[in-house]
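Enquirer: This is the structure I want to talk about, given as structure tokens.
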2 protein chains.
Amino acid sequence: MKRINTTHFAILGLLRMQPMSAYELVKFSKESIGLFWNESYGHIHKSIKQLEQEGSVTVIEESETGRRKIVYGVTEQGCQQLDSWLMQAPEESTMRNELLMKIFVADERHIPQLLTYIEQELATCHQLRPLLTGIKASIPQDQGKQAQLWLLTLDYGERYLRMTIEWCEHALQLLNQPDRGEKNG
Amino acid sequence: MKRINTTHFAILGLLRMQPMSAYELVKFSKESIGLFWNESYGHIHKSIKQLEQEGSVTVIEESETGRRKIVYGVTEQGCQQLDSWLMQAPEESTMRNELLMKIFVADERHIPQLLTYIEQELATCHQLRPLLTGIKASIPQDQGKQAQLWLLTLDYGERYLRMTIEWCEHALQLLNQPDRGEKNG
DNA sequence: CCGTTAATGTATCTTTAAGATATATAATTG
DNA sequence: CAATTATATATCTTAAAGATACATTAACGG
């Protein structure tokens with residue numbers, strides 16, 4: 001089974017929504033789909049060059065004056081590639097959650113540290129929530145199918161944050177209580 | 001900022017819980033922490049060799065007869081490395097959820113396919129749930145702090161599955177309803 | 001009982017992905 | 001107007017994924 005460069009299709013997908021520069025691509029993906037999709041600039045940059053060479057994206061606009069900026073768009077061929085990727089069942093999602101990994105391999109000695117990590121995580125989630133609300137407000141509530149798809153991914157983000165917040169609160173409560181729980185009859 | 005090989009510490013952490021072979025490491029990590037931590041055999045293998053060379057893990061048992069098997073354990077030095085890693089705040093978690101990515105870049109034409117993907121995801125979650133219950137039952141409910149930490153990661157897994165199941169059901173309901181929702185005044 | 005398949009196990013190779021860093025220009029701000 | 005921050009491309013190294021090869025043992029069906 002040949003492995004595929006998933007970043008290629010992420011790029012095609014985002015550029016089809018809106019032509020952008022590499023820098024804007026990274027920024028946009030961080031802000032819109034960052035909760036469930038991570039990309040690095042190095043990989044995006046390399047991938048764009050490859051996509052350009054094979055004719056799947058093309059330079060739409062290149063500013064010669066002032067600050068350099070190269071805006072890319074998707075070609076007909078790129079559109080077809082993207083559509084055929086969308087017709088294939090998605091791979092299983094992958095995740096690397098270092099906080100949970102640390103909790104898993106830690107022991108009693110590390111609990112004070114773990115508590116600060118969990119509090120930090122909780123704070124981060126609370127900060128992210130209003131951002132999602134803002135994005136939600138910017139999507140046209142016109143009941144169109146396209147908007148529904150975007151709202152679905154946003155809804156996932158909201159559920160994900162809510163779930164994480166609840167788990168953090170549960171964890172703080174559990175780890176803060178005295179050892180062996182002082183069961184009272 | 002020097003980047004670190006997180007896999008190194010994952011290996012040290014798992015081997016400290018229980019000496020294992022590389023094969024068993026991959027299997028164990030898939031079965032116990034697979035929901036929030038992904039590892040590949042290739043990387044584990046390479047990392048173990050490096051850890052062995054720098055003296056952080058050591059061969060505990062090597063079967064000469066029959067099927068080859070090399071069981072590794074953590075050295076004193078490895079323990080110290082692991083502990084100092086645990087004292088550092090965790091990096092932000094990363095995720096690549098291809099299903100959500102596809103939903104994000106898809107349009108109306110792809111909805112029938114998306115529905116099958118979501119149904120598949122739902123089925124997978126329903127299959128995983130009893131597995132978690134089984135693991136939970138195998139953890140001693142002795143109120144000890146160590147068991148609490150394991151239960152916390154399991155609890156995260158359960159919440160994650162529940163959240164995903166609910167989102168899938170919501171998505172199926174939303175995408176199955178007729179276009180524009182036939183608003184009735 | 002034997003052939004096929006599935007599971008256990010190590011080793012290696014290539015490609016994908018992450019992310020640090022260098023460099024340069026424009027905008028912002030004290 | 002100097003210092004900082006945001007925008008922007010390019011490159012390099014390392015981490016991580018995962019495909020594949022190879023060998024042994026267990027399990028299973030005809």
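So you can find residues: chains in the structure tokens are A, B, ... in the order shown, residues in each start at 1, and ligands are numbered from 1 in order.
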Quick one: residues within 12 Å of Leu132 (chain B), only C-alpha atoms (C1' of nucleotides), excluding same-chain residues fewer than 6 positions away - as a count of residues only?
Expert: 21
Enquirer: Quick one: which residues from chain C are at most 8 Å off chain B, using only C-alpha atoms (C1' of nucleotides), as a PDB file with C-alpha atoms (C1' of nucleotides), in the first residue's frame?
Expert:
```pdb
ATOM      1  C1'  DT C   8       4.746 -13.139  17.335  1.00  0.00           C
ATOM      2  C1'  DG C   9       9.101 -11.274  16.729  1.00  0.00           C
ATOM      3  C1'  DT C  10      13.374  -8.418  14.796  1.00  0.00           C
ATOM      4  C1'  DG C  19       9.863  22.469  13.755  1.00  0.00           C
ATOM      5  C1'  DA C  20      14.128  25.240  14.328  1.00  0.00           C
TER       6       DA C  20
END
```
Enquirer: From the set A:Ala147, A:Leu128, A:Leu25, A:Leu51, which residue has the shortest atom-to-atom contact distance to chain B, counting only C-alpha atoms?
Expert: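 Comparing A:Ala147, A:Leu128, A:Leu25, A:Leu51 against chain B, the winner is A:Ala147.
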Enquirer: Please determine, counting only C-alpha atoms (C1' of nucleotides), which residue among D:DC28, D:DA10, D:DA23, D:DA2 has the shortest atom-to-atom distance to chain A.
Expert: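 When distances to chain A are compared using only C-alpha atoms (C1' of nucleotides), the smallest one comes from D:DA10.
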Enquirer: Give the answer as one residue: which of A:Asn38, A:Ser47, A:Asn176, A:Ala171 has the shortest atom-to-atom distance to Arg96 (chain A), using only C-alpha atoms?
Expert: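 Among the listed residues, A:Asn38 lies closest to Arg96 (chain A).
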Enquirer: Compute the chain B side of the contact with chain A at 7 Å, counting only C-alpha atoms, and hand it back as a count of residues only.
Expert: 42
Enquirer: What residues in chain B have any atom no more than 7 Å from chain D when counting only C-alpha atoms (C1' of nucleotides), and can you write them as a list in words?
Expert: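 Here is what falls inside 7 Å: Asn5, Ser40, His43 and Arg67 of chain B.
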Enquirer: Mind writing the picked residues with C-alpha atoms as a short mmCIF file (atom, residue, chain, number, x, y, z; two decimals), in the first residue's frame?
Expert:
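Listing of selection_24.cif after writing:
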```
data_model
loop_
_atom_site.label_atom_id
_atom_site.label_comp_id
_atom_site.auth_asym_id
_atom_site.auth_seq_id
_atom_site.Cartn_x
_atom_site.Cartn_y
_atom_site.Cartn_z
CA ASN B 5 12.42 12.65 20.84
CA SER B 40 5.07 3.22 15.00
CA HIS B 43 10.44 4.56 15.31
CA ARG B 67 11.80 -17.59 18.49
#
```
Enquirer: Using Å and a single decimal, report how far CA of Gly55 (chain B) sits from C1' of DA11 (chain C).
Expert: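 Value for the C1' of DA11 (chain C)-CA of Gly55 (chain B) distance: 20.7 Å.
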Enquirer: DSSP says helix (DSSP H, G or I) for which residues of region 21-50 of chain A? Put them as a PyMOL selection string?
Expert: chain A and resi 22-33+41-50
Enquirer: Pick out the residues sitting within 10 Å of Ile4 (chain A), and hand them over as a list in words; count only C-alpha atoms (C1' of nucleotides), and ignore anything fewer than 4 positions along from it in its own chain.
Expert: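 With the cut-off at 10 Å, the set is His8 and Phe9 of chain A; DT15 and DT16 of chain C.
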Enquirer: Write out as a list of chain:residue names the residues lying within 7 Å of Thr75 (chain B), counting only C-alpha atoms (C1' of nucleotides) and excluding same-chain residues fewer than 5 positions away.
Expert: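 Answer for this query is B:Ser56, B:Val57, B:Thr58.
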Enquirer: Rounded to one decimal in Å, what is the spacing between C1' of DA24 (chain C) and CA of Val26 (chain A)?
Expert: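 The value is 19.2 Å.
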Enquirer: Give me, as a list in words, the residues of chain B that a backbone DSSP run labels strand (DSSP E).
Expert: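 Here are the strand (DSSP E) residues of chain B: Val57, Thr58, Val59, Ile60, Glu61, Glu62, Ser63, Lys69, Ile70, Val71, Tyr72, Gly73, Val74, Thr94, Met95 and Arg96 of chain B.
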Enquirer: Give me, please, the distance in Å between CA of Tyr41 (chain B) and C1' of DC13 (chain C), quoted to one decimal.
Expert: 13.0 Å
